[in-house]
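> entry-v4.txt (compact mmCIF, C-alpha atoms) pasted underneath:
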```
# COMPACT_ATOMS: atom_id res chain seq x y z
CA MET R 49 15.16 19.45 12.25
CA VAL R 50 18.14 20.44 10.07
CA VAL R 51 19.76 17.63 8.07
CA ASP R 52 23.32 17.27 6.83
CA ASP R 53 23.04 19.55 3.79
CA GLY R 54 21.49 22.36 5.83
CA THR R 55 17.89 21.77 4.72
CA THR R 56 15.18 22.14 7.35
CA ILE R 57 12.83 19.14 7.41
CA ALA R 58 9.48 19.75 9.07
CA TYR R 59 7.59 16.93 10.73
CA HIS R 60 4.28 16.81 12.57
CA CYS R 61 3.37 14.57 15.52
CA TRP R 62 0.05 13.38 16.91
CA GLU R 63 -0.45 11.23 20.00
CA PRO R 64 -3.08 8.47 20.42
CA ASP R 65 -6.53 9.63 21.43
CA ALA R 66 -7.20 9.93 25.14
CA GLY R 67 -8.68 6.78 26.65
CA VAL R 68 -7.46 4.56 23.82
CA SER R 69 -4.97 1.79 24.45
CA ALA R 70 -1.72 3.01 22.87
CA HIS R 71 0.06 0.85 20.29
CA PRO R 72 3.84 0.74 20.76
CA VAL R 73 4.72 1.11 17.06
CA PRO R 74 4.43 4.65 15.61
CA VAL R 75 3.11 5.26 12.10
CA VAL R 76 5.15 7.52 9.79
CA LEU R 77 3.43 9.14 6.80
CA GLN R 78 5.07 10.47 3.62
CA HIS R 79 2.93 12.52 1.22
CA GLY R 80 2.95 12.85 -2.56
CA PHE R 81 4.30 15.41 -5.01
CA THR R 82 2.97 19.01 -4.62
CA ALA R 83 1.16 18.08 -1.39
CA ASP R 84 2.26 17.95 2.26
CA THR R 85 1.35 16.12 5.46
CA MET R 86 -1.72 18.24 6.09
CA VAL R 87 -3.17 17.89 2.58
CA ASP R 88 -2.62 14.17 2.05
CA TRP R 89 -3.00 12.83 5.58
CA LEU R 90 -4.54 15.25 8.09
CA MET R 91 -7.39 16.83 6.11
CA PRO R 92 -8.78 13.53 4.67
CA GLY R 93 -8.97 12.03 8.18
CA THR R 94 -6.19 9.43 7.99
CA VAL R 95 -4.37 10.91 10.98
CA ALA R 96 -7.58 10.99 13.02
CA GLY R 97 -8.35 7.39 12.11
CA LEU R 98 -4.91 6.25 13.19
CA THR R 99 -4.89 8.15 16.50
CA ALA R 100 -8.37 6.76 17.24
CA ALA R 101 -6.83 3.31 16.75
CA GLY R 102 -4.21 4.09 19.40
CA ARG R 103 -1.36 5.00 17.11
CA ARG R 104 1.24 7.72 17.52
CA VAL R 105 1.51 9.39 14.09
CA VAL R 106 4.37 11.34 12.52
CA GLY R 107 4.02 13.07 9.16
CA VAL R 108 7.10 14.26 7.26
CA ASP R 109 6.99 17.23 4.87
CA ALA R 110 9.38 16.32 2.06
CA ARG R 111 12.02 18.90 1.17
CA GLY R 112 10.58 21.49 -1.20
CA HIS R 113 7.07 20.84 0.18
CA GLY R 114 4.96 22.05 3.08
CA ARG R 115 6.96 23.64 5.87
CA SER R 116 10.27 22.06 4.89
CA GLY R 117 13.13 23.99 3.27
CA LYS R 118 12.91 25.12 -0.35
CA SER R 119 15.51 25.45 -3.08
CA PRO R 120 15.50 25.71 -6.89
CA ASP R 121 18.63 23.52 -7.02
CA ALA R 122 17.79 20.08 -8.44
CA THR R 123 20.90 18.54 -6.87
CA ARG R 124 19.22 18.94 -3.47
CA TYR R 125 16.24 16.77 -4.45
CA GLY R 126 15.27 13.27 -5.46
CA GLU R 127 13.41 10.55 -3.58
CA GLN R 128 16.63 8.99 -2.27
CA ARG R 129 17.51 12.28 -0.60
CA MET R 130 13.95 12.43 0.78
CA ALA R 131 14.28 8.86 2.10
CA ASP R 132 17.44 9.90 3.95
CA ASP R 133 15.50 12.81 5.45
CA LEU R 134 12.67 10.52 6.49
CA LEU R 135 15.07 8.11 8.18
CA ASP R 136 16.67 11.04 10.03
CA VAL R 137 13.23 11.88 11.42
CA VAL R 138 12.62 8.22 12.29
CA ALA R 139 15.88 8.18 14.26
CA LEU R 140 14.50 10.93 16.49
CA LEU R 141 11.57 8.71 17.48
CA ASP R 142 13.87 6.23 19.20
CA ALA R 143 11.43 3.43 18.36
CA PRO R 144 12.54 -0.18 17.78
CA ALA R 145 10.13 -0.45 14.83
CA ILE R 146 7.80 1.73 12.77
CA ASP R 147 4.98 1.33 10.29
CA LEU R 148 5.47 3.44 7.16
CA VAL R 149 2.93 4.79 4.67
CA GLY R 150 3.85 6.57 1.44
CA TYR R 151 1.78 7.89 -1.43
CA SER R 152 2.90 8.44 -5.05
CA MET R 153 6.26 10.24 -4.77
CA GLY R 154 6.06 9.31 -1.10
CA ALA R 155 5.61 5.66 -2.06
CA VAL R 156 8.99 5.74 -3.80
CA VAL R 157 10.49 7.43 -0.73
CA ALA R 158 8.94 4.79 1.55
CA LEU R 159 10.16 1.88 -0.58
CA LEU R 160 13.70 3.25 -0.65
CA ALA R 161 13.63 3.59 3.14
CA ALA R 162 12.15 0.10 3.59
CA ALA R 163 14.80 -1.44 1.32
CA GLU R 164 17.42 0.04 3.62
CA ARG R 165 15.93 -0.58 7.08
CA THR R 166 14.55 -3.84 8.46
CA THR R 167 13.07 -1.91 11.39
CA ILE R 168 10.09 -1.01 9.19
CA ARG R 169 7.47 -3.50 10.37
CA ARG R 170 4.60 -2.79 8.00
CA LEU R 171 4.66 -0.77 4.78
CA VAL R 172 1.87 0.79 2.74
CA VAL R 173 2.72 1.71 -0.86
CA GLY R 174 -0.04 3.91 -2.27
CA GLY R 175 -0.65 5.47 -5.67
CA ALA R 176 2.07 3.52 -7.47
CA GLY R 177 2.17 0.62 -9.88
CA ALA R 178 4.29 -1.09 -12.50
CA GLY R 179 6.32 2.07 -13.11
CA ILE R 180 8.37 1.40 -9.99
CA VAL R 181 9.42 -1.97 -11.42
CA GLU R 182 9.73 -0.96 -15.06
CA VAL R 183 10.95 2.66 -14.84
CA GLY R 184 12.63 2.69 -11.44
CA GLY R 185 10.38 5.19 -9.66
CA VAL R 186 7.32 7.35 -10.32
CA ASP R 187 5.92 6.41 -13.74
CA THR R 188 7.40 9.14 -15.93
CA ARG R 189 5.85 7.49 -18.98
CA ALA R 190 2.50 8.83 -17.84
CA LEU R 191 3.84 12.19 -16.69
CA PRO R 192 7.26 13.00 -18.20
CA SER R 193 9.48 14.77 -15.69
CA ASP R 194 10.93 17.26 -18.19
CA ARG R 195 7.46 18.43 -19.22
CA LEU R 196 6.49 18.66 -15.58
CA ALA R 197 9.51 20.80 -14.70
CA HIS R 198 8.79 23.07 -17.65
CA ALA R 199 5.17 23.42 -16.55
CA PHE R 200 6.09 24.62 -13.08
CA LEU R 201 8.42 27.26 -14.50
CA ALA R 202 6.25 28.38 -17.44
CA GLU R 203 5.32 32.06 -17.43
CA ASP R 204 1.99 31.41 -19.15
CA PRO R 205 0.26 28.29 -17.75
CA ASP R 206 -2.60 28.77 -20.24
CA ASP R 207 -0.39 27.16 -22.90
CA LEU R 208 0.10 23.94 -20.92
CA PRO R 209 -1.66 20.62 -21.67
CA PRO R 210 -4.76 20.22 -19.45
CA GLU R 211 -3.42 17.37 -17.28
CA ILE R 212 -0.20 19.24 -16.49
CA ALA R 213 -1.94 22.60 -16.14
CA GLY R 214 -4.21 21.00 -13.55
CA LEU R 215 -1.26 19.79 -11.52
CA ARG R 216 0.34 23.23 -11.57
CA MET R 217 -2.98 24.82 -10.60
CA HIS R 218 -3.24 22.38 -7.68
CA ALA R 219 0.28 23.27 -6.54
CA GLU R 220 -0.47 26.98 -6.73
CA MET R 221 -3.73 26.52 -4.82
CA LEU R 222 -1.79 24.83 -2.03
CA GLY R 223 0.82 27.60 -1.96
CA GLY R 224 3.55 25.36 -3.33
CA ASP R 225 6.96 26.75 -4.24
CA LEU R 226 7.03 26.25 -8.02
CA PRO R 227 10.84 26.44 -8.51
CA SER R 228 11.31 23.80 -5.81
CA LEU R 229 8.70 21.53 -7.39
CA ALA R 230 10.36 21.96 -10.78
CA ALA R 231 13.67 21.00 -9.20
CA GLN R 232 12.16 17.81 -7.76
CA ALA R 233 10.66 16.97 -11.15
CA ARG R 234 14.13 17.22 -12.69
CA ALA R 235 15.62 15.04 -9.95
CA VAL R 236 12.96 12.31 -9.94
CA HIS R 237 14.31 8.88 -8.98
CA ARG R 238 15.14 6.61 -11.93
CA ALA R 239 17.81 4.34 -10.47
CA GLY R 240 15.46 1.55 -9.43
CA ILE R 241 14.68 0.14 -6.00
CA ASP R 242 15.92 -3.11 -4.51
CA LEU R 243 12.46 -4.49 -3.85
CA ALA R 244 13.93 -7.86 -2.85
CA ALA R 245 15.45 -6.12 0.17
CA VAL R 246 12.05 -5.03 1.51
CA THR R 247 11.28 -7.19 4.54
CA ALA R 248 8.23 -5.31 5.83
CA GLU R 249 4.77 -6.78 5.53
CA THR R 250 3.49 -4.72 2.61
CA LEU R 251 0.20 -3.45 1.25
CA VAL R 252 0.10 -2.02 -2.28
CA ILE R 253 -3.00 0.14 -2.69
CA ALA R 254 -4.13 2.22 -5.66
CA GLY R 255 -7.14 3.67 -7.40
CA ASP R 256 -8.46 1.36 -10.11
CA ALA R 257 -8.46 4.24 -12.62
CA ASP R 258 -5.18 5.86 -11.61
CA PRO R 259 -3.04 6.58 -14.71
CA LEU R 260 0.04 7.00 -12.50
CA ALA R 261 -0.46 3.62 -10.83
CA GLU R 262 -1.28 1.33 -13.72
CA ARG R 263 -0.91 -2.44 -13.23
CA PRO R 264 -0.20 -2.25 -9.49
CA HIS R 265 -0.23 -6.05 -9.37
CA ILE R 266 3.19 -5.96 -11.05
CA LEU R 267 4.55 -4.00 -8.10
CA ALA R 268 2.82 -6.21 -5.53
CA GLU R 269 4.24 -9.34 -7.16
CA ALA R 270 7.77 -7.89 -6.99
CA ILE R 271 7.62 -7.49 -3.18
CA THR R 272 7.75 -10.72 -1.18
CA GLY R 273 4.40 -11.48 0.40
CA ALA R 274 2.81 -8.14 -0.57
CA ARG R 275 -0.95 -7.91 -0.83
CA LEU R 276 -2.84 -5.74 -3.31
CA CYS R 277 -5.90 -3.58 -2.70
CA LEU R 278 -7.75 -1.58 -5.36
CA VAL R 279 -10.26 1.15 -4.54
CA ASP R 280 -12.52 3.19 -6.78
CA GLY R 281 -10.95 6.31 -8.26
CA GLY R 282 -7.93 7.92 -9.81
CA HIS R 283 -4.80 9.50 -8.40
CA ASP R 284 -6.82 11.59 -5.95
CA VAL R 285 -7.97 8.62 -3.82
CA VAL R 286 -5.57 9.62 -1.02
CA GLY R 287 -7.91 12.48 -0.23
CA SER R 288 -11.21 11.58 -1.87
CA ASN R 289 -12.01 7.94 -1.12
CA PRO R 290 -12.69 6.86 2.50
CA ASP R 291 -12.13 3.24 1.45
CA PHE R 292 -8.47 4.12 0.84
CA ARG R 293 -8.14 5.46 4.37
CA SER R 294 -10.00 2.52 5.89
CA ALA R 295 -7.87 -0.04 4.07
CA ILE R 296 -4.68 1.54 5.43
CA ILE R 297 -5.95 1.70 9.00
CA ASP R 298 -7.25 -1.87 8.85
CA PHE R 299 -3.94 -3.16 7.49
CA LEU R 300 -1.91 -1.37 10.15
CA SER R 301 -4.32 -2.43 12.92
CA ARG R 302 -4.43 -6.14 12.24
```
For the structure just supplied, provide its representation as C-alpha cells.


Amino acid sequence: MVVDDGTTIAYHCWEPDAGVSAHPVPVVLQHGFTADTMVDWLMPGTVAGLTAAGRRVVGVDARGHGRSGKSPDATRYGEQRMADDLLDVVALLDAPAIDLVGYSMGAVVALLAAAERTTIRRLVVGGAGAGIVEVGGVDTRALPSDRLAHAFLAEDPDDLPPEIAGLRMHAEMLGGDLPSLAAQARAVHRAGIDLAAVTAETLVIAGDADPLAERPHILAEAITGARLCLVDGGHDVVGSNPDFRSAIIDFLSR
C-alpha cells in the first residue's frame, strides 16, 4: 500500500492452518531495526506457531526495511511515522480488534500505536526495557543514535567499534539499505510514549542479558496490568530462543 507521503509500505499475510479453528482476532507483527517481517517473525517460526494456533497473521515491513520504500531523508522516518503506517495497514484488515507484537524498534512502534488505539486487544512488547520510560524510546544510552547513523554511512567499517560494526554487518548480510537505516537512526523516537493510555492487556518480554532491554520491569510497571517475562539470551532472542516464541504464542492464545 502507498501511504500519505508517497511511501510504499509492504505487508505480508498468512491465514490459519487448514483444519484449525480460526480465531477472529488477527495478529499484527512489527519487526526490529535492520530486520524485516521474514527475518524476525517468519524464519524463527513465530508465524507458523501462530497460524497453527488458528490465527490470521499480518507482518508489516517498516519504511526503510524489507520490501517497503527506502529514502535517505531522515524527515521521512521515526517510530511515530512507522506507527502511523502500521495503523494504516490495520485499517485495511477491517477487524474490530487486533493483537499486536513489536520487537525492539518495533516495540516502540507498537506502544505508540497502542497508546492511540483502544482496538488493540493484547500487546506484546519485546526487546525493550527501562529506556522507553527513561529515554522516551529505544535505549540510545546503550547504542547512541548518532554513532549508529555514522556507522551505516562509514566508508571503512573496519574502523568501527565491534558492537556497532556487528550491527552494520548484520544489516549488510540482510541486504539492508544503509542510507535508509542511517536516516532512521537519526530520526529515532525520543518524545516519550503515553504509557498510561495503553489499554491492551500487555506482555513485556526480553532476554535476561539484553543490553538494549535492561531493567524491563521498569517498563512493565509503567503499563497498567502488564506482566513481565524474561528468557535466556541477549538482543537476538527474537530469532534464537524458542522460549521467546512460545511465550508470545501462549500469551496470545490464552

> Compare R:Ala70, R:Ala213, R:Ala83, R:Ala202 by their minimum atom-to-atom distance to R:Tyr151, counting only C-alpha atoms, and give me the closest one.

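Between R:Ala70, R:Ala213, R:Ala83, R:Ala202, the residue approaching R:Tyr151 most closely is R:Ala83.
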
> Could you check the closest approach to R:Ala244 for each of R:Asp142, R:Glu182, R:Asp194, R:Glu269 and tell me which residue wins, using only C-alpha atoms?

R:Glu269

> Determine the nearest neighbour of R:Ala230 from the options R:Gly117, R:Gly67, R:Gly126, R:Gly273, counting all atoms listed in the file.

R:Gly126

> So that I can see what lies close to R:Met86, please list as a list in words the residues with an atom at most 10 Å from it, counting only C-alpha atoms and leaving out residues fewer than 4 positions away in the same chain.

His60, His79, Leu90, Met91, Pro92, Gly93, Val95, Gly107, Val108, Asp109 and Gly114 of chain R

> Keeping C-alpha atoms, export the residues of the selection given above as a compact mmCIF listing (two decimals), keeping the file's coordinate frame.


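Full text of result-v3.txt as output:
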```txt
# COMPACT_ATOMS: atom_id res chain seq x y z
CA HIS R 60 4.28 16.81 12.57
CA HIS R 79 2.93 12.52 1.22
CA LEU R 90 -4.54 15.25 8.09
CA MET R 91 -7.39 16.83 6.11
CA PRO R 92 -8.78 13.53 4.67
CA GLY R 93 -8.97 12.03 8.18
CA VAL R 95 -4.37 10.91 10.98
CA GLY R 107 4.02 13.07 9.16
CA VAL R 108 7.10 14.26 7.26
CA ASP R 109 6.99 17.23 4.87
CA GLY R 114 4.96 22.05 3.08
```

> At what distance in Å, to one decimal, does atom CA of R:Val157 lie from atom CA of R:Ala131?

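Distance reported for this atom pair: 4.9 Å.
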
> Find the spatial neighbours of R:Ala257, counting all atoms listed in the file, within a cut-off of 8 Å - ignore same-chain residues fewer than 4 positions away - and output them as a ChimeraX atom specification.

/R:262,280-283

> Which one of R:Val183, R:Val51, R:Ile253, R:Leu201 sits closest to R:Arg129 if you count all atoms listed in the file?

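Looking at the shortest contact to R:Arg129, the residue is R:Val51.
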
> Missing atoms in stretch 267-298 of chain R should be modelled up to N, CA and C atoms and reported as a PDB file, in the coordinates of the input.


```pdb
ATOM      1  N   LEU R 267       3.781  -4.450  -9.261  1.00  0.00           N
ATOM      2  CA  LEU R 267       4.550  -4.000  -8.100  1.00  0.00           C
ATOM      3  C   LEU R 267       4.344  -4.939  -6.922  1.00  0.00           C
ATOM      4  N   ALA R 268       3.100  -5.320  -6.662  1.00  0.00           N
ATOM      5  CA  ALA R 268       2.820  -6.210  -5.530  1.00  0.00           C
ATOM      6  C   ALA R 268       3.541  -7.557  -5.703  1.00  0.00           C
ATOM      7  N   GLU R 269       3.582  -8.046  -6.923  1.00  0.00           N
ATOM      8  CA  GLU R 269       4.240  -9.340  -7.160  1.00  0.00           C
ATOM      9  C   GLU R 269       5.760  -9.256  -6.996  1.00  0.00           C
ATOM     10  N   ALA R 270       6.318  -8.048  -7.103  1.00  0.00           N
ATOM     11  CA  ALA R 270       7.770  -7.890  -6.990  1.00  0.00           C
ATOM     12  C   ALA R 270       8.242  -7.753  -5.539  1.00  0.00           C
ATOM     13  N   ILE R 271       7.298  -7.632  -4.599  1.00  0.00           N
ATOM     14  CA  ILE R 271       7.620  -7.490  -3.180  1.00  0.00           C
ATOM     15  C   ILE R 271       7.164  -8.752  -2.469  1.00  0.00           C
ATOM     16  N   THR R 272       8.064  -9.438  -1.810  1.00  0.00           N
ATOM     17  CA  THR R 272       7.750 -10.720  -1.180  1.00  0.00           C
ATOM     18  C   THR R 272       6.570 -10.600  -0.232  1.00  0.00           C
ATOM     19  N   GLY R 273       5.541 -11.405  -0.499  1.00  0.00           N
ATOM     20  CA  GLY R 273       4.400 -11.480   0.400  1.00  0.00           C
ATOM     21  C   GLY R 273       3.445 -10.303   0.354  1.00  0.00           C
ATOM     22  N   ALA R 274       3.661  -9.337  -0.539  1.00  0.00           N
ATOM     23  CA  ALA R 274       2.810  -8.140  -0.570  1.00  0.00           C
ATOM     24  C   ALA R 274       1.390  -8.500  -0.995  1.00  0.00           C
ATOM     25  N   ARG R 275       0.439  -7.763  -0.417  1.00  0.00           N
ATOM     26  CA  ARG R 275      -0.950  -7.910  -0.830  1.00  0.00           C
ATOM     27  C   ARG R 275      -1.373  -6.678  -1.605  1.00  0.00           C
ATOM     28  N   LEU R 276      -2.382  -6.821  -2.438  1.00  0.00           N
ATOM     29  CA  LEU R 276      -2.840  -5.740  -3.310  1.00  0.00           C
ATOM     30  C   LEU R 276      -4.278  -5.380  -2.964  1.00  0.00           C
ATOM     31  N   CYS R 277      -4.551  -4.070  -2.925  1.00  0.00           N
ATOM     32  CA  CYS R 277      -5.900  -3.580  -2.700  1.00  0.00           C
ATOM     33  C   CYS R 277      -6.196  -2.481  -3.718  1.00  0.00           C
ATOM     34  N   LEU R 278      -7.307  -2.607  -4.432  1.00  0.00           N
ATOM     35  CA  LEU R 278      -7.750  -1.580  -5.360  1.00  0.00           C
ATOM     36  C   LEU R 278      -9.015  -0.924  -4.825  1.00  0.00           C
ATOM     37  N   VAL R 279      -9.075   0.399  -4.935  1.00  0.00           N
ATOM     38  CA  VAL R 279     -10.260   1.150  -4.540  1.00  0.00           C
ATOM     39  C   VAL R 279     -10.743   1.956  -5.730  1.00  0.00           C
ATOM     40  N   ASP R 280     -11.970   2.399  -5.693  1.00  0.00           N
ATOM     41  CA  ASP R 280     -12.520   3.190  -6.780  1.00  0.00           C
ATOM     42  C   ASP R 280     -11.836   4.550  -6.866  1.00  0.00           C
ATOM     43  N   GLY R 281     -11.457   4.959  -8.092  1.00  0.00           N
ATOM     44  CA  GLY R 281     -10.950   6.310  -8.260  1.00  0.00           C
ATOM     45  C   GLY R 281      -9.626   6.398  -8.970  1.00  0.00           C
ATOM     46  N   GLY R 282      -9.183   7.636  -9.143  1.00  0.00           N
ATOM     47  CA  GLY R 282      -7.930   7.920  -9.810  1.00  0.00           C
ATOM     48  C   GLY R 282      -6.822   8.265  -8.836  1.00  0.00           C
ATOM     49  N   HIS R 283      -5.965   9.204  -9.231  1.00  0.00           N
ATOM     50  CA  HIS R 283      -4.800   9.500  -8.400  1.00  0.00           C
ATOM     51  C   HIS R 283      -5.148  10.353  -7.185  1.00  0.00           C
ATOM     52  N   ASP R 284      -6.406  10.763  -7.085  1.00  0.00           N
ATOM     53  CA  ASP R 284      -6.820  11.590  -5.950  1.00  0.00           C
ATOM     54  C   ASP R 284      -7.400  10.773  -4.793  1.00  0.00           C
ATOM     55  N   VAL R 285      -7.319   9.445  -4.849  1.00  0.00           N
ATOM     56  CA  VAL R 285      -7.970   8.620  -3.820  1.00  0.00           C
ATOM     57  C   VAL R 285      -7.402   8.865  -2.424  1.00  0.00           C
ATOM     58  N   VAL R 286      -6.163   9.354  -2.335  1.00  0.00           N
ATOM     59  CA  VAL R 286      -5.570   9.620  -1.020  1.00  0.00           C
ATOM     60  C   VAL R 286      -6.418  10.602  -0.231  1.00  0.00           C
ATOM     61  N   GLY R 287      -7.107  11.500  -0.929  1.00  0.00           N
ATOM     62  CA  GLY R 287      -7.910  12.480  -0.230  1.00  0.00           C
ATOM     63  C   GLY R 287      -9.401  12.355  -0.460  1.00  0.00           C
ATOM     64  N   SER R 288      -9.801  11.562  -1.464  1.00  0.00           N
ATOM     65  CA  SER R 288     -11.210  11.580  -1.870  1.00  0.00           C
ATOM     66  C   SER R 288     -11.981  10.314  -1.536  1.00  0.00           C
ATOM     67  N   ASN R 289     -11.306   9.206  -1.304  1.00  0.00           N
ATOM     68  CA  ASN R 289     -12.010   7.940  -1.120  1.00  0.00           C
ATOM     69  C   ASN R 289     -11.800   7.411   0.304  1.00  0.00           C
ATOM     70  N   PRO R 290     -12.846   7.376   1.133  1.00  0.00           N
ATOM     71  CA  PRO R 290     -12.690   6.860   2.500  1.00  0.00           C
ATOM     72  C   PRO R 290     -12.290   5.390   2.548  1.00  0.00           C
ATOM     73  N   ASP R 291     -12.550   4.647   1.480  1.00  0.00           N
ATOM     74  CA  ASP R 291     -12.130   3.240   1.450  1.00  0.00           C
ATOM     75  C   ASP R 291     -10.608   3.130   1.454  1.00  0.00           C
ATOM     76  N   PHE R 292      -9.937   4.101   0.835  1.00  0.00           N
ATOM     77  CA  PHE R 292      -8.470   4.120   0.840  1.00  0.00           C
ATOM     78  C   PHE R 292      -7.965   4.271   2.278  1.00  0.00           C
ATOM     79  N   ARG R 293      -8.530   5.234   2.977  1.00  0.00           N
ATOM     80  CA  ARG R 293      -8.140   5.460   4.370  1.00  0.00           C
ATOM     81  C   ARG R 293      -8.430   4.240   5.241  1.00  0.00           C
ATOM     82  N   SER R 294      -9.612   3.671   5.072  1.00  0.00           N
ATOM     83  CA  SER R 294     -10.000   2.520   5.890  1.00  0.00           C
ATOM     84  C   SER R 294      -9.098   1.318   5.654  1.00  0.00           C
ATOM     85  N   ALA R 295      -8.721   1.102   4.391  1.00  0.00           N
ATOM     86  CA  ALA R 295      -7.870  -0.040   4.070  1.00  0.00           C
ATOM     87  C   ALA R 295      -6.508   0.089   4.743  1.00  0.00           C
ATOM     88  N   ILE R 296      -5.972   1.309   4.780  1.00  0.00           N
ATOM     89  CA  ILE R 296      -4.680   1.540   5.430  1.00  0.00           C
ATOM     90  C   ILE R 296      -4.780   1.285   6.930  1.00  0.00           C
ATOM     91  N   ILE R 297      -5.806   1.854   7.551  1.00  0.00           N
ATOM     92  CA  ILE R 297      -5.950   1.700   9.000  1.00  0.00           C
ATOM     93  C   ILE R 297      -6.188   0.249   9.362  1.00  0.00           C
ATOM     94  N   ASP R 298      -7.002  -0.449   8.582  1.00  0.00           N
ATOM     95  CA  ASP R 298      -7.250  -1.870   8.850  1.00  0.00           C
ATOM     96  C   ASP R 298      -5.978  -2.692   8.730  1.00  0.00           C
TER      97      ASP R 298
END
```
